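Visitor: Coordinates in upload.txt, compact mmCIF, C-alpha atoms and all ligand atoms, are listed below.
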# COMPACT_ATOMS: atom_id res chain seq x y z
CA MET Z 84 1.78 -23.34 -18.30
CA LEU Z 85 -0.33 -25.63 -20.46
CA SER Z 86 0.79 -29.18 -19.76
CA SER Z 87 -0.80 -32.18 -18.14
CA SER Z 88 2.47 -33.11 -16.42
CA HIS Z 89 2.36 -29.76 -14.57
CA LEU Z 90 -1.10 -30.74 -13.30
CA GLU Z 91 0.25 -34.13 -12.20
CA ILE Z 92 3.01 -32.42 -10.23
CA LEU Z 93 0.48 -30.23 -8.42
CA LYS Z 94 -1.50 -33.36 -7.52
CA ALA Z 95 1.60 -35.09 -6.16
CA GLN Z 96 2.33 -32.06 -3.98
CA GLY Z 97 -1.18 -31.90 -2.53
CA LEU Z 98 -1.66 -28.51 -4.18
CA TYR Z 99 -4.22 -29.40 -6.85
CA ARG Z 100 -7.25 -27.12 -6.70
CA SER Z 101 -10.74 -28.29 -7.51
CA ARG Z 102 -14.19 -26.80 -7.10
CA ARG Z 103 -16.83 -28.29 -4.86
CA MET Z 104 -20.47 -27.76 -5.57
CA ILE Z 105 -22.02 -26.49 -2.39
CA ASP Z 106 -25.40 -27.48 -1.03
CA ASP Z 107 -25.88 -25.47 2.14
CA LYS Z 108 -28.85 -27.53 3.26
CA THR Z 109 -26.94 -30.59 4.32
CA VAL Z 110 -23.85 -28.99 5.89
CA VAL Z 111 -23.05 -26.08 8.18
CA ASN Z 112 -21.03 -23.60 6.15
CA PHE Z 113 -17.91 -22.37 7.97
CA CYS Z 114 -16.05 -21.01 4.96
CA SER Z 115 -18.17 -18.19 3.59
CA ASN Z 116 -17.34 -14.49 3.89
CA ASP Z 117 -21.03 -13.68 4.36
CA TYR Z 118 -20.21 -12.59 7.92
CA LEU Z 119 -23.51 -10.92 8.73
CA GLY Z 120 -25.76 -13.39 6.92
CA LEU Z 121 -27.01 -10.85 4.38
CA ALA Z 122 -26.49 -12.79 1.14
CA LYS Z 123 -29.86 -14.50 1.59
CA ASN Z 124 -31.59 -11.79 3.60
CA GLU Z 125 -35.24 -11.31 2.55
CA THR Z 126 -35.10 -7.51 2.51
CA VAL Z 127 -31.95 -7.51 0.40
CA ILE Z 128 -33.44 -10.04 -2.02
CA ALA Z 129 -36.66 -7.99 -2.30
CA ALA Z 130 -34.65 -4.84 -3.08
CA PHE Z 131 -32.79 -6.76 -5.77
CA LYS Z 132 -35.98 -8.09 -7.40
CA ASN Z 133 -37.71 -4.73 -7.30
CA ALA Z 134 -34.76 -3.00 -8.91
CA ALA Z 135 -34.51 -5.70 -11.56
CA ASP Z 136 -38.13 -4.94 -12.51
CA ILE Z 137 -37.22 -1.28 -12.97
CA TYR Z 138 -33.70 -1.43 -14.41
CA GLY Z 139 -33.54 -4.91 -15.92
CA VAL Z 140 -30.69 -7.31 -15.33
CA GLY Z 141 -27.62 -5.82 -16.99
CA SER Z 142 -26.35 -2.25 -16.78
CA GLY Z 143 -25.79 -2.19 -20.53
CA SER Z 144 -22.42 -0.47 -20.62
CA ALA Z 145 -19.52 1.03 -18.70
CA HIS Z 146 -20.14 3.89 -16.24
CA LEU Z 147 -18.59 6.49 -18.54
CA ILE Z 148 -20.66 5.48 -21.57
CA CYS Z 149 -24.23 5.11 -20.32
CA GLY Z 150 -24.11 2.54 -17.51
CA HIS Z 151 -24.12 4.91 -14.51
CA SER Z 152 -27.61 4.82 -12.96
CA HIS Z 153 -29.30 6.63 -10.08
CA ALA Z 154 -28.95 3.42 -8.09
CA HIS Z 155 -25.15 3.45 -8.48
CA HIS Z 156 -24.93 7.13 -7.66
CA ALA Z 157 -27.09 6.91 -4.55
CA LEU Z 158 -25.06 3.95 -3.29
CA GLU Z 159 -21.79 5.86 -3.83
CA GLU Z 160 -23.13 8.78 -1.80
CA GLU Z 161 -24.35 6.53 1.00
CA LEU Z 162 -21.04 4.66 1.15
CA ALA Z 163 -19.17 7.98 1.40
CA GLU Z 164 -21.26 8.96 4.41
CA PHE Z 165 -20.89 5.47 5.91
CA THR Z 166 -17.10 5.52 5.67
CA GLY Z 167 -16.69 9.20 6.58
CA ARG Z 168 -15.02 9.97 3.26
CA GLU Z 169 -15.66 12.76 0.75
CA ARG Z 170 -16.56 10.42 -2.09
CA THR Z 171 -16.58 6.81 -3.21
CA LEU Z 172 -16.37 5.06 -6.56
CA LEU Z 173 -17.94 1.68 -7.36
CA PHE Z 174 -15.92 -1.02 -9.12
CA SER Z 175 -17.21 -4.32 -10.47
CA THR Z 176 -15.00 -6.43 -8.15
CA GLY Z 177 -12.50 -5.91 -5.36
CA TYR Z 178 -9.81 -7.40 -7.54
CA MET Z 179 -10.43 -4.76 -10.17
CA ALA Z 180 -10.65 -1.94 -7.60
CA ASN Z 181 -7.22 -2.84 -6.23
CA VAL Z 182 -5.46 -3.37 -9.55
CA GLY Z 183 -7.02 -0.30 -11.16
CA THR Z 184 -6.42 2.05 -8.25
CA ILE Z 185 -2.78 1.15 -7.69
CA ASN Z 186 -2.07 1.43 -11.41
CA ALA Z 187 -3.79 4.82 -11.62
CA LEU Z 188 -1.73 6.25 -8.75
CA ILE Z 189 1.81 5.03 -9.41
CA GLY Z 190 4.02 3.93 -12.27
CA ARG Z 191 7.62 3.76 -13.41
CA GLY Z 192 9.94 5.79 -11.17
CA ASP Z 193 7.61 5.43 -8.16
CA SER Z 194 7.71 2.89 -5.33
CA VAL Z 195 5.06 0.62 -3.84
CA PHE Z 196 5.44 -1.09 -0.45
CA GLU Z 197 3.39 -4.17 0.33
CA ASP Z 198 3.00 -6.47 3.32
CA LYS Z 199 4.13 -9.99 2.36
CA LEU Z 200 0.71 -11.38 3.30
CA ASN Z 201 -1.31 -8.91 1.23
CA HIS Z 202 -4.19 -10.22 -0.88
CA ALA Z 203 -3.19 -11.36 -4.39
CA SER Z 204 -5.10 -8.48 -6.01
CA LEU Z 205 -2.97 -5.91 -4.13
CA LEU Z 206 0.23 -7.72 -5.09
CA ASP Z 207 -0.87 -7.97 -8.73
CA GLY Z 208 -1.71 -4.26 -8.74
CA GLY Z 209 1.73 -3.38 -7.40
CA LEU Z 210 3.55 -5.70 -9.81
CA SER Z 211 1.68 -4.54 -12.91
CA SER Z 212 2.15 -0.84 -12.08
CA GLY Z 213 5.78 -0.84 -13.16
CA ALA Z 214 6.75 0.95 -9.94
CA ASN Z 215 9.59 -0.30 -7.78
CA PHE Z 216 7.95 -3.20 -5.95
CA LYS Z 217 9.00 -3.79 -2.33
CA ARG Z 218 7.49 -6.42 -0.05
CA TYR Z 219 8.14 -6.13 3.67
CA PRO Z 220 7.85 -9.03 6.15
CA HIS Z 221 4.40 -9.26 7.72
CA ALA Z 222 3.65 -6.12 9.81
CA ASP Z 223 7.39 -5.35 10.07
CA LEU Z 224 7.35 -1.57 10.58
CA GLU Z 225 11.10 -1.21 11.04
CA ARG Z 226 11.80 -2.90 7.76
CA LEU Z 227 9.16 -0.80 6.03
CA GLU Z 228 10.65 2.40 7.44
CA LYS Z 229 14.07 1.44 6.09
CA LEU Z 230 12.66 0.70 2.65
CA LEU Z 231 10.74 3.99 2.64
CA THR Z 232 13.80 6.10 3.43
CA LEU Z 233 15.74 4.41 0.61
CA SER Z 234 13.16 5.13 -2.12
CA ASN Z 235 12.34 7.90 -4.55
CA GLY Z 236 9.33 9.06 -6.50
CA GLN Z 237 5.75 8.82 -5.31
CA LYS Z 238 5.56 6.28 -2.48
CA LEU Z 239 2.48 4.12 -1.89
CA ILE Z 240 2.09 1.82 1.13
CA VAL Z 241 -0.51 -0.89 0.54
CA THR Z 242 -1.94 -3.25 3.15
CA ASP Z 243 -4.84 -5.55 3.96
CA GLY Z 244 -6.74 -4.21 7.00
CA ILE Z 245 -7.65 -7.67 8.31
CA PHE Z 246 -5.39 -10.20 6.60
CA SER Z 247 -7.60 -12.49 4.58
CA MET Z 248 -5.89 -15.82 5.33
CA ASP Z 249 -4.65 -15.05 8.87
CA GLY Z 250 -7.39 -12.92 10.38
CA ASP Z 251 -5.05 -10.54 12.21
CA VAL Z 252 -5.15 -6.75 11.89
CA ALA Z 253 -2.49 -4.52 10.31
CA PRO Z 254 -0.88 -1.90 12.62
CA LEU Z 255 -2.81 0.88 10.93
CA TRP Z 256 -2.03 3.76 13.29
CA GLU Z 257 1.68 3.09 12.96
CA LEU Z 258 1.38 2.71 9.20
CA ALA Z 259 -0.50 6.02 8.98
CA ASP Z 260 2.28 7.74 10.96
CA LEU Z 261 5.02 6.19 8.82
CA ALA Z 262 3.20 7.27 5.67
CA LYS Z 263 2.94 10.87 6.88
CA GLN Z 264 6.57 11.03 7.99
CA ASN Z 265 7.75 9.75 4.61
CA ALA Z 266 5.32 11.67 2.38
CA ALA Z 267 3.82 8.35 1.26
CA LEU Z 268 0.22 7.55 0.41
CA LEU Z 269 -1.49 4.80 2.44
CA MET Z 270 -3.99 2.41 0.89
CA VAL Z 271 -5.96 0.02 3.14
CA ASP Z 272 -8.04 -2.89 1.83
CA ASP Z 273 -10.79 -3.41 4.43
CA ALA Z 274 -12.56 -6.27 2.65
CA HIS Z 275 -12.98 -8.20 5.89
CA GLY Z 276 -13.47 -5.41 8.43
CA LEU Z 277 -16.27 -3.55 6.70
CA GLY Z 278 -19.67 -4.32 8.25
CA VAL Z 279 -18.00 -6.40 10.96
CA LEU Z 280 -16.02 -3.82 12.96
CA GLY Z 281 -16.94 -0.40 14.29
CA LYS Z 282 -20.09 0.78 16.03
CA THR Z 283 -22.07 1.18 12.82
CA GLY Z 284 -20.10 -1.41 10.86
CA GLY Z 285 -17.81 1.19 9.25
CA GLY Z 286 -14.92 -1.26 9.55
CA LEU Z 287 -11.38 -0.74 10.78
CA VAL Z 288 -11.30 2.98 10.06
CA GLU Z 289 -14.34 3.46 12.28
CA GLU Z 290 -13.10 1.09 14.98
CA LEU Z 291 -9.68 2.78 15.11
CA ASN Z 292 -10.93 6.27 14.39
CA LEU Z 293 -8.78 6.75 11.29
CA THR Z 294 -9.79 9.76 9.21
CA GLN Z 295 -9.43 10.32 5.48
CA ASP Z 296 -6.25 12.19 6.32
CA ASP Z 297 -4.83 9.08 8.06
CA VAL Z 298 -5.99 6.57 5.41
CA PRO Z 299 -6.42 8.54 2.19
CA ILE Z 300 -7.23 5.47 0.06
CA LEU Z 301 -9.75 3.03 1.51
CA MET Z 302 -11.01 -0.02 -0.37
CA GLY Z 303 -14.08 -2.02 0.61
CA THR Z 304 -15.76 -5.03 -0.96
CA LEU Z 305 -19.48 -5.67 -1.21
CA GLY Z 306 -19.31 -9.46 -1.69
CA LYS Z 307 -18.40 -10.20 1.92
CA ALA Z 308 -20.27 -8.72 4.92
CA PHE Z 309 -22.56 -6.78 2.53
CA GLY Z 310 -23.67 -10.09 1.04
CA THR Z 311 -23.94 -8.71 -2.51
CA PHE Z 312 -21.21 -8.12 -5.13
CA GLY Z 313 -18.74 -5.48 -6.20
CA ALA Z 314 -16.40 -3.10 -4.43
CA PHE Z 315 -15.58 0.56 -3.91
CA ILE Z 316 -12.75 2.98 -3.28
CA ALA Z 317 -13.34 5.79 -0.76
CA GLY Z 318 -11.34 8.99 -0.34
CA SER Z 319 -10.98 12.59 -1.43
CA GLU Z 320 -12.72 14.31 -4.32
CA THR Z 321 -9.34 14.47 -6.06
CA LEU Z 322 -8.71 10.73 -5.59
CA ILE Z 323 -12.10 9.76 -7.01
CA GLU Z 324 -11.85 12.14 -9.97
CA THR Z 325 -8.34 10.80 -10.68
CA LEU Z 326 -9.69 7.25 -10.75
CA ILE Z 327 -12.57 8.20 -13.05
CA GLN Z 328 -10.04 9.68 -15.48
CA SER Z 329 -7.46 6.93 -15.35
CA ALA Z 330 -8.35 3.65 -13.58
CA ARG Z 331 -8.50 1.29 -16.54
CA THR Z 332 -10.45 -1.39 -14.63
CA TYR Z 333 -13.09 1.28 -13.99
CA ILE Z 334 -13.20 2.78 -17.46
CA TYR Z 335 -13.04 -0.30 -19.66
CA THR Z 336 -15.60 -2.60 -18.09
CA THR Z 337 -19.36 -2.95 -17.79
CA ALA Z 338 -20.90 -1.29 -14.73
CA LEU Z 339 -22.35 -3.48 -11.97
CA PRO Z 340 -26.01 -4.34 -12.51
CA PRO Z 341 -28.04 -1.49 -10.94
CA ALA Z 342 -30.13 -4.10 -9.09
CA ILE Z 343 -26.95 -5.14 -7.27
CA ALA Z 344 -26.48 -1.52 -6.26
CA GLU Z 345 -30.06 -1.35 -4.92
CA ALA Z 346 -29.62 -4.63 -3.04
CA THR Z 347 -26.43 -3.21 -1.53
CA ARG Z 348 -28.26 -0.07 -0.40
CA ALA Z 349 -30.73 -2.30 1.45
CA SER Z 350 -27.90 -4.28 2.95
CA LEU Z 351 -26.10 -1.08 4.04
CA LYS Z 352 -29.19 -0.04 6.03
CA ILE Z 353 -29.22 -3.41 7.78
CA ILE Z 354 -25.49 -3.20 8.51
CA ILE Z 355 -25.91 0.18 10.17
CA HIS Z 356 -29.06 -0.55 12.16
CA GLU Z 357 -29.07 -4.26 13.03
CA THR Z 358 -26.23 -4.14 15.54
CA TRP Z 359 -27.28 -7.54 16.92
CA ARG Z 360 -25.59 -9.14 13.92
CA ARG Z 361 -22.15 -7.77 14.90
CA GLU Z 362 -22.76 -8.58 18.56
CA LYS Z 363 -23.81 -12.15 17.85
CA LEU Z 364 -20.88 -12.66 15.50
CA GLN Z 365 -18.45 -11.48 18.18
CA ALA Z 366 -20.05 -13.81 20.75
CA LEU Z 367 -19.61 -16.79 18.40
CA ILE Z 368 -15.97 -15.85 17.74
CA THR Z 369 -15.29 -15.64 21.48
CA GLN Z 370 -17.03 -18.97 22.09
CA PHE Z 371 -14.86 -20.59 19.43
CA LYS Z 372 -11.61 -19.05 20.65
CA VAL Z 373 -12.20 -19.99 24.29
CA GLY Z 374 -13.27 -23.54 23.35
CA ALA Z 375 -10.38 -24.03 20.91
CA ALA Z 376 -7.86 -22.82 23.50
CA GLN Z 377 -9.25 -25.32 26.03
CA LEU Z 378 -8.85 -28.11 23.47
CA ALA Z 379 -5.33 -26.88 22.59
CA LEU Z 380 -6.26 -26.51 18.90
CA PRO Z 381 -3.59 -24.70 16.80
CA LEU Z 382 -5.32 -21.28 16.77
CA MET Z 383 -3.66 -18.29 15.14
CA PRO Z 384 -3.63 -14.82 16.71
CA SER Z 385 -6.91 -13.48 15.34
CA ASN Z 386 -9.94 -11.78 16.89
CA SER Z 387 -11.79 -11.49 13.59
CA PRO Z 388 -14.38 -13.82 12.02
CA ILE Z 389 -11.44 -15.45 10.20
CA GLN Z 390 -10.11 -18.12 12.58
CA PRO Z 391 -7.48 -20.29 10.89
CA LEU Z 392 -6.16 -23.49 12.43
CA LEU Z 393 -2.55 -23.99 11.39
CA ILE Z 394 -2.01 -27.52 10.03
CA GLY Z 395 1.24 -27.16 8.08
CA ASP Z 396 1.12 -30.05 5.65
CA SER Z 397 -1.02 -29.54 2.52
CA PHE Z 398 -2.20 -33.16 2.23
CA ARG Z 399 -3.23 -33.24 5.87
CA ALA Z 400 -5.14 -29.96 5.59
CA THR Z 401 -7.04 -31.28 2.56
CA GLN Z 402 -7.76 -34.57 4.31
CA MET Z 403 -9.10 -32.78 7.39
CA SER Z 404 -11.33 -30.57 5.29
CA GLN Z 405 -12.73 -33.77 3.72
CA GLN Z 406 -13.28 -35.39 7.14
CA LEU Z 407 -15.05 -32.26 8.38
CA LEU Z 408 -17.29 -32.36 5.31
CA GLU Z 409 -18.23 -35.96 6.09
CA ALA Z 410 -19.10 -34.81 9.60
CA GLY Z 411 -21.37 -32.07 8.19
CA PHE Z 412 -19.11 -28.99 8.28
CA LEU Z 413 -17.87 -27.04 5.29
CA VAL Z 414 -14.38 -25.76 6.13
CA SER Z 415 -11.86 -24.98 3.41
CA ALA Z 416 -8.22 -26.02 3.37
CA ILE Z 417 -5.97 -23.14 2.29
CA ARG Z 418 -2.65 -24.22 0.77
CA PRO Z 419 0.36 -22.65 -0.94
CA PRO Z 420 0.69 -20.47 -2.94
CA THR Z 421 -2.24 -18.71 -1.25
CA VAL Z 422 -0.31 -19.05 2.04
CA PRO Z 423 3.46 -19.57 2.54
CA LYS Z 424 4.99 -23.05 2.11
CA GLY Z 425 4.50 -25.33 5.15
CA LYS Z 426 1.66 -23.14 6.43
CA ALA Z 427 -1.40 -24.91 5.05
CA ARG Z 428 -4.39 -24.35 7.26
CA LEU Z 429 -8.08 -24.82 7.80
CA ARG Z 430 -9.69 -21.43 7.42
CA ILE Z 431 -12.80 -21.29 9.58
CA THR Z 432 -15.07 -18.28 9.17
CA PHE Z 433 -18.09 -17.31 11.24
CA SER Z 434 -21.44 -15.76 10.40
CA ALA Z 435 -24.10 -14.06 12.49
CA LEU Z 436 -26.45 -16.80 11.28
CA HIS Z 437 -24.52 -19.56 13.06
CA GLU Z 438 -25.82 -20.69 16.44
CA ALA Z 439 -23.87 -21.42 19.61
CA ASP Z 440 -24.77 -25.07 19.10
CA ASP Z 441 -23.12 -25.12 15.63
CA VAL Z 442 -19.90 -23.81 17.15
CA ALA Z 443 -20.05 -26.34 20.00
CA ARG Z 444 -20.50 -29.21 17.53
CA LEU Z 445 -17.69 -27.93 15.33
CA LEU Z 446 -15.35 -27.80 18.34
CA GLU Z 447 -16.34 -31.33 19.36
CA THR Z 448 -15.65 -32.62 15.85
CA LEU Z 449 -12.29 -30.85 15.59
CA HIS Z 450 -11.34 -32.44 18.89
CA ARG Z 451 -12.51 -35.89 17.80
CA LEU Z 452 -10.54 -35.64 14.52
CA LYS Z 453 -7.43 -34.77 16.54
CA ILE Z 454 -6.65 -31.57 14.69
C1 LIG B 501 -12.03 -10.88 -1.40
C2 LIG B 501 -10.92 -9.91 -1.35
C3 LIG B 501 -10.64 -9.08 -2.44
C4 LIG B 501 -11.30 -9.25 -3.79
O1 LIG B 501 -12.62 -8.85 -3.76
P1 LIG B 501 -13.62 -9.42 -4.87
O2 LIG B 501 -14.76 -8.49 -4.86
O3 LIG B 501 -13.97 -10.80 -4.45
O4 LIG B 501 -12.87 -9.39 -6.18
C5 LIG B 501 -9.65 -8.14 -2.29
N1 LIG B 501 -8.98 -8.01 -1.13
C6 LIG B 501 -9.20 -8.81 -0.08
C7 LIG B 501 -8.41 -8.64 1.16
C8 LIG B 501 -10.18 -9.79 -0.15
O5 LIG B 501 -10.37 -10.62 0.86
Could you spell out this file's structure in structure tokens?
Guide:
Amino acid sequence: MLSSSHLEILKAQGLYRSRRMIDDKTVVNFCSNDYLGLAKNETVIAAFKNAADIYGVGSGSAHLICGHSHAHHALEEELAEFTGRERTLLFSTGYMANVGTINALIGRGDSVFEDKLNHASLLDGGLSSGANFKRYPHADLERLEKLLTLSNGQKLIVTDGIFSMDGDVAPLWELADLAKQNAALLMVDDAHGLGVLGKTGGGLVEELNLTQDDVPILMGTLGKAFGTFGAFIAGSETLIETLIQSARTYIYTTALPPAIAEATRASLKIIIHETWRREKLQALITQFKVGAAQLALPLMPSNSPIQPLLIGDSFRATQMSQQLLEAGFLVSAIRPPTVPKGKARLRITFSALHEADDVARLLETLHRLKI
């Protein structure tokens, strides 16, 4: 809608969105998805610069024209080994990976089942596919089962692994069972688990021991714990070849810069070997949860680096985010329509580069501001 009165209405409702320019030097950042602190890692930056000297900045074209480099290919092979899948395919963003994959796999006459709290890119993929679009209440397996038994055509169940605005984990074992019983495909978006969970950082599928047979379509992003940019889909040879033939967001777009692929290869090595990053991150999360519970802060049921505090009112959430900024902490307010009405929140995220003292000071400030 192009009208200034629409913008005025959003302002009156406390739902107006604006961009802040971020200067990390003066505030402690508690809203980034750079969970392992790799976005500014020296080794990753050096790999990026080196590769830029060799390959240049841009990839020059789409993968299927002449944009597919050795750097991309090597990264795809390494990500397949990392996730325990036959193959992977790089996409330019997670949004594009989700929309393109869902659209390549289902269409008119099929059915797609999505958790109500799924990421917007998964919902947009389901809606644009033309398949019968069914949303089930958050993690409601009974409801999902009912919907599955009532549907025809190819069935695709789609879920976030860790829910991006709530931080809780989908019941993946149960979803995998339901999928098998109903001859449905299961697609899991592990944007927030990858690098963070599992012994080597392989994410939810490693942590829960879910094979390619259990989760045949796995999506991961590179702009979060990997600290770089882009995304990938992991699964069978047949899945990947199908996407190469028909995922329009893969075919009709410029390939990621090869230097990004090289930087990601460096970051993958760090993810696998520097286990202290995951351990430290978990310690900070525990410190926050224990402290917040003692202060009776409105925690949500999450064990992940995403720790939202439920505020409710959109104006109040925005005001608190502003007060936190004045106190030196960058914490974003998340409001509808990103989250349901009346469920505005402060979304606090942790990084392995935070220190125990940062968390202690954040807790003190939250207490002082009477959140
Ligand atoms: C961030 C995110 C995406 C989108 O990934 P981009 O690479 O930023 O486009 C998709 N799904 C989930 C759950 C995410 O959190």
Visitor: Hey, which residues sit close to ligand LIG 501 (chain B)? Say within 8 Å, counting all atoms listed in the file, and write them as number ranges by chain.
Guide: Z: 175-181, 201-205, 243-247, 272-275, 304-307, 312-314
Visitor: Any chance you could export the current selection's C-alpha atoms as a short mmCIF file (atom, residue, chain, number, x, y, z; two decimals), keeping the file's coordinate frame?
Guide:
data_model
loop_
_atom_site.label_atom_id
_atom_site.label_comp_id
_atom_site.auth_asym_id
_atom_site.auth_seq_id
_atom_site.Cartn_x
_atom_site.Cartn_y
_atom_site.Cartn_z
CA SER Z 175 -17.21 -4.32 -10.47
CA THR Z 176 -15.00 -6.43 -8.15
CA GLY Z 177 -12.50 -5.91 -5.36
CA TYR Z 178 -9.81 -7.40 -7.54
CA MET Z 179 -10.43 -4.76 -10.17
CA ALA Z 180 -10.65 -1.94 -7.60
CA ASN Z 181 -7.22 -2.84 -6.23
CA ASN Z 201 -1.31 -8.91 1.23
CA HIS Z 202 -4.19 -10.22 -0.88
CA ALA Z 203 -3.19 -11.36 -4.39
CA SER Z 204 -5.10 -8.48 -6.01
CA LEU Z 205 -2.97 -5.91 -4.13
CA ASP Z 243 -4.84 -5.55 3.96
CA GLY Z 244 -6.74 -4.21 7.00
CA ILE Z 245 -7.65 -7.67 8.31
CA PHE Z 246 -5.39 -10.20 6.60
CA SER Z 247 -7.60 -12.49 4.58
CA ASP Z 272 -8.04 -2.89 1.83
CA ASP Z 273 -10.79 -3.41 4.43
CA ALA Z 274 -12.56 -6.27 2.65
CA HIS Z 275 -12.98 -8.20 5.89
CA THR Z 304 -15.76 -5.03 -0.96
CA LEU Z 305 -19.48 -5.67 -1.21
CA GLY Z 306 -19.31 -9.46 -1.69
CA LYS Z 307 -18.40 -10.20 1.92
CA PHE Z 312 -21.21 -8.12 -5.13
CA GLY Z 313 -18.74 -5.48 -6.20
CA ALA Z 314 -16.40 -3.10 -4.43
#
Visitor: Find the residues around Leu339 of chain Z up to 9 Å (all atoms listed in the file counted), leave out those fewer than 2 positions away in its own chain, and share them as an mmCIF file with C-alpha atoms, keeping the file's coordinate frame.
Guide:
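The file below, part.cif, is the result:
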data_model
loop_
_atom_site.group_PDB
_atom_site.id
_atom_site.type_symbol
_atom_site.label_atom_id
_atom_site.label_comp_id
_atom_site.auth_asym_id
_atom_site.auth_seq_id
_atom_site.Cartn_x
_atom_site.Cartn_y
_atom_site.Cartn_z
ATOM 1 C CA GLY Z 141 -27.620 -5.820 -16.990
ATOM 2 C CA SER Z 142 -26.350 -2.250 -16.780
ATOM 3 C CA ALA Z 145 -19.520 1.030 -18.700
ATOM 4 C CA HIS Z 146 -20.140 3.890 -16.240
ATOM 5 C CA GLY Z 150 -24.110 2.540 -17.510
ATOM 6 C CA HIS Z 151 -24.120 4.910 -14.510
ATOM 7 C CA HIS Z 155 -25.150 3.450 -8.480
ATOM 8 C CA LEU Z 173 -17.940 1.680 -7.360
ATOM 9 C CA PHE Z 174 -15.920 -1.020 -9.120
ATOM 10 C CA SER Z 175 -17.210 -4.320 -10.470
ATOM 11 C CA THR Z 176 -15.000 -6.430 -8.150
ATOM 12 C CA PHE Z 312 -21.210 -8.120 -5.130
ATOM 13 C CA GLY Z 313 -18.740 -5.480 -6.200
ATOM 14 C CA THR Z 337 -19.360 -2.950 -17.790
ATOM 15 C CA PRO Z 341 -28.040 -1.490 -10.940
ATOM 16 C CA ALA Z 342 -30.130 -4.100 -9.090
ATOM 17 C CA ILE Z 343 -26.950 -5.140 -7.270
ATOM 18 C CA ALA Z 344 -26.480 -1.520 -6.260
#
Visitor: Need the shell around segment 435-451 of chain Z: protein/DNA/RNA residues with any atom at most 8 Å away, counting only C-alpha atoms. Skip same-chain ones fewer than 3 positions apart. Format as a list in words?
Guide: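 The contact residues come out as Val111, Tyr118, Leu119, Gly120, Arg360, Arg361, Lys363, Leu364, Leu367, Gln370, Phe371, Gly374, Ala375, Leu378, Leu380, Leu407, Ala410, Phe412 and Ile454 of chain Z.
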Visitor: Per residue of segment 97-207 of chain Z within 10 Å of segment 251-270 of chain Z, what are the shortest atom pair and its distance in Å to one decimal, counting all atoms listed in the file, with rows by chain and residue number, as JSON lines?
Guide:
{"residue": "Z:Asn181", "atom": "CA", "partner": "Z:Met270", "partner_atom": "CA", "distance": 9.4}
{"residue": "Z:Thr184", "atom": "CA", "partner": "Z:Met270", "partner_atom": "CA", "distance": 9.5}
{"residue": "Z:Ile185", "atom": "CA", "partner": "Z:Met270", "partner_atom": "CA", "distance": 8.8}
{"residue": "Z:Leu188", "atom": "CA", "partner": "Z:Leu268", "partner_atom": "CA", "distance": 9.5}
{"residue": "Z:Ser194", "atom": "CA", "partner": "Z:Ala267", "partner_atom": "CA", "distance": 9.4}
{"residue": "Z:Val195", "atom": "CA", "partner": "Z:Ala267", "partner_atom": "CA", "distance": 9.3}
{"residue": "Z:Phe196", "atom": "CA", "partner": "Z:Leu269", "partner_atom": "CA", "distance": 9.5}
{"residue": "Z:Glu197", "atom": "CA", "partner": "Z:Met270", "partner_atom": "CA", "distance": 9.9}
{"residue": "Z:Asp198", "atom": "CA", "partner": "Z:Ala253", "partner_atom": "CA", "distance": 9.1}
{"residue": "Z:Leu205", "atom": "CA", "partner": "Z:Met270", "partner_atom": "CA", "distance": 9.8}
Visitor: For a test of reading the model, state the distance in Å between atom CA of Lys238 of chain Z and atom CA of Leu293 of chain Z, rounded to one decimal.
Guide: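 These two atoms are separated by 19.9 Å.
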Visitor: Please indicate the distance in Å from atom CA of Ala400 of chain Z to atom CA of Gly97 of chain Z, rounded to one decimal place.
Guide: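 A separation of 9.2 Å between them.
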Visitor: Give me, as number ranges by chain, all polymer residues having an atom no more than 12 Å from Arg100 of chain Z, counting only C-alpha atoms and skipping those fewer than 5 positions away in the same chain.
Guide: Z: 90-91, 93-95, 397-398, 401, 415-421
Visitor: May I ask which of the residues Z:Lys229, Z:Arg103, Z:Arg170, Z:Lys132 is the closest one to Glu324 of chain Z, counting all atoms listed in the file?
Guide: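 For Glu324 of chain Z, the nearest of the candidates is Z:Arg170.
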Visitor: What does the structure give for the distance between atom CA of Gly139 of chain Z and atom CA of Ala317 of chain Z, in Å to one decimal?
Guide: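 That distance, rounded to one decimal, is 27.4 Å.
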